[in-house]
Amino acid sequence: MGQDTKQAVLFPGQGAQFVGMSAQLVERIPATRELFDAGSRLVGADLYELCAQGPESKLNSTAISQPAIFVVSLAVLRAIAVGGGGARLAAAGTAGLSLGEYTALVFAGALDFQEALEIVVRRGAYMQEACDERPGGMTSVIGLDLAAMREVVAAAAEHGTVAIANVNAPAQIVLSGEAPALERAVAIARERGARRTVPLKVAGAYHSPLMAGATRKLAPYLERAKIRAPRIPFYPNVTARQESDPARIRRCLLEQIESPVLWGPTLEALLGAGVGAALEPGPGRVVAGLMKQVNADVPVTSLLSAESIELFLAAA
């Protein structure tokens with residue numbers, strides 16, 4: 001990355017988790033362990049052990065995976081700071097995929113770690129409860145644009161609740177909803193030219209009206225949260241544009257539970273603001289993959305392993 005290239009720091013969301021995602025990091029950089037200990041106290045289980053050794057079924061549960069990914073991403077930032085690379089994290093913008101918004105807000109100084117962790121733990125628990133109360137699923141549709149997918153949703157609505165959950169790229173849209181309506185929407189999408197449809201391995205219908213119970217339960221905690229103006233331009237999922245007012249950010253965090261994740265438009269807004277490279281601290285390479293679909297010329301450095309962090313620091 002050239003010295004004049006503007007950089008974004010982008011954080012992964014639920015689905016990026018995998019067993020073993022933190023073992024090496026904690027072994028090599030012990031200063032990261034206290035973040036996992038803080039998470040363990042709140043979830044009532046050994047979060048580090050679950051991240052390092054599983055079992056996968058428990059790590060993948062919404063109540064565990066959300067705090068796990070949040071903590072792992074922040075552990076990567078801690079490791080970089082301990083290694084003297086804090087200046088390498090200078091950013092012209094930050095955002096996160098759904099859950100990743102909370103990590104982005106901690107990174108931007110708008111939320112304290114402990115308070116954000118408490119909200120994330122409740123968010124994961126309440127979303128799991130909503131999944132149990134109102135079952136549903138999600139499917140990624142590739143090959144139709146947003147306007148076409150809105151028509152698909154409208155055509156399938158008579159079969160139940162179905163909604164657009166993620167706008168990941170111009171022709172990658174994720175649908176969310178009750179099984180009959182979701183199945184009908186997927187069938188209509190195929191009829192109208194979708195190249196591929198992929199059912200997602202998730203616990204329920206995230207970012208749809210089926211999550212209303214989670215919105216209702218989380219609202220009092222978000223209302224009390226101490227949110228400050230971010231020190232780094234922050235782009236929330238709900239609006240895909242920079243938001244600096246704490247009251248507006250609070251509202252976006254609450255609306256986000258049921259609203260679409262406008263990730264493709266968020267990346268386009270960051271690129272429009274001059275961003276030419278990005279860092280992805282945390283598990284997986286979902287952010288890097290989606291950036292390729294929006295603009296393949298923008299490099300994304302994914303950071304998780306101790307080796308990747310050491311290479312990153314050495315390149316300073």
# chains A, B, ... in the order shown; residues from 1 in each chain; ligands from 1

call {"tool": "select_by_dssp", "arguments": {"residues": "region 154-287 of chain A", "states": "strand (DSSP E or B)", "output": "list in words"}}
result
Val162, Ala163, Ile164, Ala165, Asn166, Val167, Asn168, Ala169, Gln172, Ile173, Val174, Leu175, Ser176, Gly177, Arg196, Thr197, Val198, Pro199, Phe234, Val261, Val275, Gly276, Ala277, Ala278, Leu279, Glu280 and Pro281 of chain A

call {"tool": "closest_atom_pairs", "arguments": {"of": "region 229-258 of chain A", "to": "region 262-276 of chain A", "cutoff": "9 Å", "atoms": "only C-alpha atoms", "output": "JSON lines"}}
result
{"residue": "A:Tyr235", "atom": "CA", "partner": "A:Thr266", "partner_atom": "CA", "distance": 6.6}
{"residue": "A:Pro236", "atom": "CA", "partner": "A:Thr266", "partner_atom": "CA", "distance": 7.7}
{"residue": "A:Asn237", "atom": "CA", "partner": "A:Leu262", "partner_atom": "CA", "distance": 5.2}
{"residue": "A:Val238", "atom": "CA", "partner": "A:Leu262", "partner_atom": "CA", "distance": 6.3}
{"residue": "A:Thr239", "atom": "CA", "partner": "A:Leu262", "partner_atom": "CA", "distance": 7.2}
{"residue": "A:Ala240", "atom": "CA", "partner": "A:Thr266", "partner_atom": "CA", "distance": 4.3}
{"residue": "A:Arg241", "atom": "CA", "partner": "A:Ala269", "partner_atom": "CA", "distance": 6.4}
{"residue": "A:Gln242", "atom": "CA", "partner": "A:Ala269", "partner_atom": "CA", "distance": 8.4}

call {"tool": "residues_around", "arguments": {"residues": "region 174-191 of chain A", "least_positions_apart": "6", "cutoff": "8 Å", "atoms": "only C-alpha atoms", "output": "MDAnalysis selection string"}}
result
chainID A and resid 135:141 144 149 152:153 155:168 197 205:208 210

call {"tool": "write_last_selection", "arguments": {"atoms": "C-alpha atoms", "output": "JSON list (two decimals), in the first residue's frame"}}
result
[["chain", "number", "residue", "atom", "x", "y", "z"],
["A", 135, "PRO", "CA", -38.08, -20.27, 12.61],
["A", 136, "GLY", "CA", -36.78, -19.31, 9.21],
["A", 137, "GLY", "CA", -33.75, -19.41, 6.95],
["A", 138, "MET", "CA", -31.60, -17.49, 4.49],
["A", 139, "THR", "CA", -30.52, -18.05, 0.88],
["A", 140, "SER", "CA", -27.97, -16.19, -1.22],
["A", 141, "VAL", "CA", -29.11, -15.37, -4.77],
["A", 144, "LEU", "CA", -30.06, -10.67, -10.14],
["A", 149, "MET", "CA", -34.90, -9.03, -6.18],
["A", 152, "VAL", "CA", -39.09, -11.37, -6.40],
["A", 153, "VAL", "CA", -39.81, -10.61, -2.73],
["A", 155, "ALA", "CA", -44.16, -11.85, -5.73],
["A", 156, "ALA", "CA", -43.45, -14.35, -2.91],
["A", 157, "ALA", "CA", -44.93, -12.32, -0.04],
["A", 158, "GLU", "CA", -48.32, -14.08, -0.18],
["A", 159, "HIS", "CA", -46.58, -17.25, 1.04],
["A", 160, "GLY", "CA", -45.34, -15.66, 4.26],
["A", 161, "THR", "CA", -42.60, -13.35, 5.52],
["A", 162, "VAL", "CA", -39.62, -12.92, 3.22],
["A", 163, "ALA", "CA", -37.24, -9.98, 2.94],
["A", 164, "ILE", "CA", -33.95, -8.82, 1.49],
["A", 165, "ALA", "CA", -31.38, -9.39, 4.24],
["A", 166, "ASN", "CA", -28.05, -8.48, 2.62],
["A", 167, "VAL", "CA", -27.01, -6.50, -0.42],
["A", 168, "ASN", "CA", -23.48, -7.88, -0.61],
["A", 197, "THR", "CA", -28.89, -19.92, -5.22],
["A", 205, "ALA", "CA", -34.00, -15.51, 9.36],
["A", 206, "TYR", "CA", -31.62, -12.70, 10.30],
["A", 207, "HIS", "CA", -32.26, -9.14, 9.12],
["A", 208, "SER", "CA", -35.95, -9.75, 8.58],
["A", 210, "LEU", "CA", -38.81, -12.42, 12.15]]

call {"tool": "closest_residue", "arguments": {"among": "A:Gly15, A:Pro209, A:Gly143, A:Pro233", "to": "Gly193 (chain A)", "atoms": "only C-alpha atoms"}}
result
A:Gly143

call {"tool": "closest_residue", "arguments": {"among": "A:Cys51, A:Leu89, A:Val43, A:Ile232", "to": "Ala16 (chain A)", "atoms": "only C-alpha atoms"}}
result
A:Cys51

call {"tool": "select_by_dssp", "arguments": {"residues": "region 65-139 of chain A", "states": "alpha helix (DSSP H)", "output": "PDB file with C-alpha atoms, in the first residue's frame"}}
result
ATOM      1  CA  SER A  65     -20.521 -17.100  17.685  1.00  0.00           C
ATOM      2  CA  GLN A  66     -21.372 -13.406  17.987  1.00  0.00           C
ATOM      3  CA  PRO A  67     -19.283 -12.660  21.105  1.00  0.00           C
ATOM      4  CA  ALA A  68     -16.589 -15.042  19.826  1.00  0.00           C
ATOM      5  CA  ILE A  69     -16.099 -13.195  16.527  1.00  0.00           C
ATOM      6  CA  PHE A  70     -16.277  -9.819  18.285  1.00  0.00           C
ATOM      7  CA  VAL A  71     -13.546 -10.820  20.755  1.00  0.00           C
ATOM      8  CA  VAL A  72     -11.319 -12.470  18.141  1.00  0.00           C
ATOM      9  CA  SER A  73     -11.374  -9.368  15.922  1.00  0.00           C
ATOM     10  CA  LEU A  74     -10.443  -7.143  18.839  1.00  0.00           C
ATOM     11  CA  ALA A  75      -7.741  -9.603  19.886  1.00  0.00           C
ATOM     12  CA  VAL A  76      -6.162  -9.108  16.457  1.00  0.00           C
ATOM     13  CA  LEU A  77      -6.198  -5.341  16.997  1.00  0.00           C
ATOM     14  CA  ARG A  78      -4.671  -5.841  20.465  1.00  0.00           C
ATOM     15  CA  ALA A  79      -1.931  -8.037  19.005  1.00  0.00           C
ATOM     16  CA  ILE A  80      -1.068  -5.395  16.410  1.00  0.00           C
ATOM     17  CA  ALA A  81      -0.949  -2.687  19.072  1.00  0.00           C
ATOM     18  CA  VAL A  82       1.250  -4.807  21.365  1.00  0.00           C
ATOM     19  CA  GLY A 100     -18.997  -6.412  12.941  1.00  0.00           C
ATOM     20  CA  GLU A 101     -20.477  -2.943  13.410  1.00  0.00           C
ATOM     21  CA  TYR A 102     -19.924  -3.259  17.148  1.00  0.00           C
ATOM     22  CA  THR A 103     -16.261  -4.090  16.581  1.00  0.00           C
ATOM     23  CA  ALA A 104     -15.976  -1.116  14.226  1.00  0.00           C
ATOM     24  CA  LEU A 105     -17.479   1.187  16.842  1.00  0.00           C
ATOM     25  CA  VAL A 106     -15.014   0.018  19.499  1.00  0.00           C
ATOM     26  CA  PHE A 107     -12.183   0.503  17.004  1.00  0.00           C
ATOM     27  CA  PHE A 113     -15.010  -2.667  24.848  1.00  0.00           C
ATOM     28  CA  GLN A 114     -16.808  -3.877  27.978  1.00  0.00           C
ATOM     29  CA  GLU A 115     -20.103  -2.167  27.191  1.00  0.00           C
ATOM     30  CA  ALA A 116     -20.009  -3.302  23.559  1.00  0.00           C
ATOM     31  CA  LEU A 117     -19.263  -6.858  24.709  1.00  0.00           C
ATOM     32  CA  GLU A 118     -22.247  -6.842  27.054  1.00  0.00           C
ATOM     33  CA  ILE A 119     -24.531  -5.657  24.244  1.00  0.00           C
ATOM     34  CA  VAL A 120     -23.114  -8.222  21.798  1.00  0.00           C
ATOM     35  CA  VAL A 121     -23.693 -11.064  24.274  1.00  0.00           C
ATOM     36  CA  ARG A 122     -27.314  -9.976  24.757  1.00  0.00           C
ATOM     37  CA  ARG A 123     -27.758  -9.452  21.011  1.00  0.00           C
ATOM     38  CA  GLY A 124     -26.581 -12.983  20.278  1.00  0.00           C
ATOM     39  CA  ALA A 125     -28.811 -14.478  22.972  1.00  0.00           C
ATOM     40  CA  TYR A 126     -31.887 -12.507  21.888  1.00  0.00           C
ATOM     41  CA  MET A 127     -31.384 -13.312  18.216  1.00  0.00           C
ATOM     42  CA  GLN A 128     -31.087 -16.998  19.080  1.00  0.00           C
ATOM     43  CA  GLU A 129     -34.355 -16.736  21.033  1.00  0.00           C
ATOM     44  CA  ALA A 130     -35.996 -15.036  18.046  1.00  0.00           C
ATOM     45  CA  CYS A 131     -34.780 -17.866  15.792  1.00  0.00           C
ATOM     46  CA  ASP A 132     -36.327 -20.412  18.141  1.00  0.00           C
ATOM     47  CA  GLU A 133     -39.610 -18.496  18.440  1.00  0.00           C
TER      48      GLU A 133
END

call {"tool": "atom_distance", "arguments": {"atom1": "CA of Ala247 (chain A)", "atom2": "CA of Ala214 (chain A)"}}
result
19.8 Å

call {"tool": "residues_around", "arguments": {"residues": "Glu307 (chain A)", "least_positions_apart": "6", "cutoff": "10 Å", "atoms": "only C-alpha atoms", "output": "ChimeraX atom specification"}}
result
/A:24-25,28,313

call {"tool": "residues_around", "arguments": {"residues": "Leu47 (chain A)", "least_positions_apart": "3", "cutoff": "6 Å", "atoms": "only C-alpha atoms", "output": "list in words"}}
result
Phe36, Ser40 and Leu50 of chain A

call {"tool": "decode", "arguments": {"residues": "region 157-258 of chain A", "atoms": "C-alpha atoms", "output": "tab-separated table (two decimals), in the first residue's frame"}}
result
chain	number	residue	atom	x	y	z
A	157	ALA	CA	-44.93	-12.32	-0.04
A	158	GLU	CA	-48.32	-14.08	-0.18
A	159	HIS	CA	-46.58	-17.25	1.04
A	160	GLY	CA	-45.34	-15.66	4.26
A	161	THR	CA	-42.60	-13.35	5.52
A	162	VAL	CA	-39.62	-12.92	3.22
A	163	ALA	CA	-37.24	-9.98	2.94
A	164	ILE	CA	-33.95	-8.82	1.49
A	165	ALA	CA	-31.38	-9.39	4.24
A	166	ASN	CA	-28.05	-8.48	2.62
A	167	VAL	CA	-27.01	-6.50	-0.42
A	168	ASN	CA	-23.48	-7.88	-0.61
A	169	ALA	CA	-22.59	-6.88	-4.16
A	170	PRO	CA	-24.46	-5.62	-7.24
A	171	ALA	CA	-25.58	-9.15	-8.15
A	172	GLN	CA	-25.35	-10.97	-4.83
A	173	ILE	CA	-28.44	-10.55	-2.67
A	174	VAL	CA	-29.37	-12.61	0.39
A	175	LEU	CA	-33.01	-13.38	1.16
A	176	SER	CA	-34.34	-14.13	4.64
A	177	GLY	CA	-37.70	-15.40	5.84
A	178	GLU	CA	-40.11	-18.19	6.66
A	179	ALA	CA	-39.50	-21.45	4.79
A	180	PRO	CA	-42.56	-21.41	2.47
A	181	ALA	CA	-42.04	-17.81	1.40
A	182	LEU	CA	-38.29	-18.21	1.10
A	183	GLU	CA	-38.63	-21.34	-1.04
A	184	ARG	CA	-41.12	-19.59	-3.30
A	185	ALA	CA	-38.88	-16.53	-3.63
A	186	VAL	CA	-35.91	-18.70	-4.56
A	187	ALA	CA	-37.99	-20.52	-7.19
A	188	ILE	CA	-39.14	-17.20	-8.68
A	189	ALA	CA	-35.55	-15.91	-8.70
A	190	ARG	CA	-34.44	-18.95	-10.66
A	191	GLU	CA	-37.29	-18.50	-13.12
A	192	ARG	CA	-36.18	-14.89	-13.63
A	193	GLY	CA	-32.57	-15.71	-14.40
A	194	ALA	CA	-30.65	-16.14	-11.15
A	195	ARG	CA	-27.39	-17.96	-11.94
A	196	ARG	CA	-27.11	-19.65	-8.57
A	197	THR	CA	-28.89	-19.92	-5.22
A	198	VAL	CA	-27.12	-21.07	-2.06
A	199	PRO	CA	-28.95	-21.88	1.20
A	200	LEU	CA	-26.96	-20.49	4.14
A	201	LYS	CA	-26.11	-22.53	7.23
A	202	VAL	CA	-27.65	-20.17	9.76
A	203	ALA	CA	-29.94	-20.59	12.75
A	204	GLY	CA	-32.75	-18.41	11.44
A	205	ALA	CA	-34.00	-15.51	9.36
A	206	TYR	CA	-31.62	-12.70	10.30
A	207	HIS	CA	-32.26	-9.14	9.12
A	208	SER	CA	-35.95	-9.75	8.58
A	209	PRO	CA	-39.17	-9.00	10.50
A	210	LEU	CA	-38.81	-12.42	12.15
A	211	MET	CA	-36.15	-10.81	14.37
A	212	ALA	CA	-38.63	-8.35	15.92
A	213	GLY	CA	-38.40	-10.07	19.30
A	214	ALA	CA	-34.65	-9.45	19.42
A	215	THR	CA	-35.15	-5.78	18.51
A	216	ARG	CA	-37.66	-5.34	21.31
A	217	LYS	CA	-35.46	-7.02	23.93
A	218	LEU	CA	-32.23	-5.26	22.96
A	219	ALA	CA	-33.75	-1.77	22.74
A	220	PRO	CA	-33.47	-0.88	26.48
A	221	TYR	CA	-29.78	-1.79	26.55
A	222	LEU	CA	-28.94	0.20	23.45
A	223	GLU	CA	-30.85	3.16	24.87
A	224	ARG	CA	-28.59	3.15	27.93
A	225	ALA	CA	-25.36	2.57	26.03
A	226	LYS	CA	-22.79	5.37	26.12
A	227	ILE	CA	-22.13	6.04	22.46
A	228	ARG	CA	-19.70	8.78	21.46
A	229	ALA	CA	-19.01	10.39	18.10
A	230	PRO	CA	-16.56	8.07	16.26
A	231	ARG	CA	-13.01	9.36	15.84
A	232	ILE	CA	-12.90	7.54	12.47
A	233	PRO	CA	-15.59	7.92	9.77
A	234	PHE	CA	-18.11	5.16	10.49
A	235	TYR	CA	-20.45	3.69	7.87
A	236	PRO	CA	-23.40	1.73	9.33
A	237	ASN	CA	-25.16	-1.11	7.50
A	238	VAL	CA	-28.57	0.54	7.56
A	239	THR	CA	-27.66	3.73	5.67
A	240	ALA	CA	-24.37	2.89	3.88
A	241	ARG	CA	-23.19	6.43	4.48
A	242	GLN	CA	-21.05	8.08	7.12
A	243	GLU	CA	-22.83	8.68	10.43
A	244	SER	CA	-21.25	10.61	13.31
A	245	ASP	CA	-24.22	11.53	15.52
A	246	PRO	CA	-24.43	9.15	18.51
A	247	ALA	CA	-28.23	9.22	18.52
A	248	ARG	CA	-28.35	8.28	14.87
A	249	ILE	CA	-25.78	5.51	15.38
A	250	ARG	CA	-27.87	4.14	18.26
A	251	ARG	CA	-30.94	4.07	16.02
A	252	CYS	CA	-29.00	2.32	13.24
A	253	LEU	CA	-27.79	-0.39	15.63
A	254	LEU	CA	-31.36	-1.12	16.64
A	255	GLU	CA	-32.82	-0.97	13.13
A	256	GLN	CA	-30.01	-3.17	11.85
A	257	ILE	CA	-31.44	-6.31	13.50
A	258	GLU	CA	-34.39	-6.36	11.10
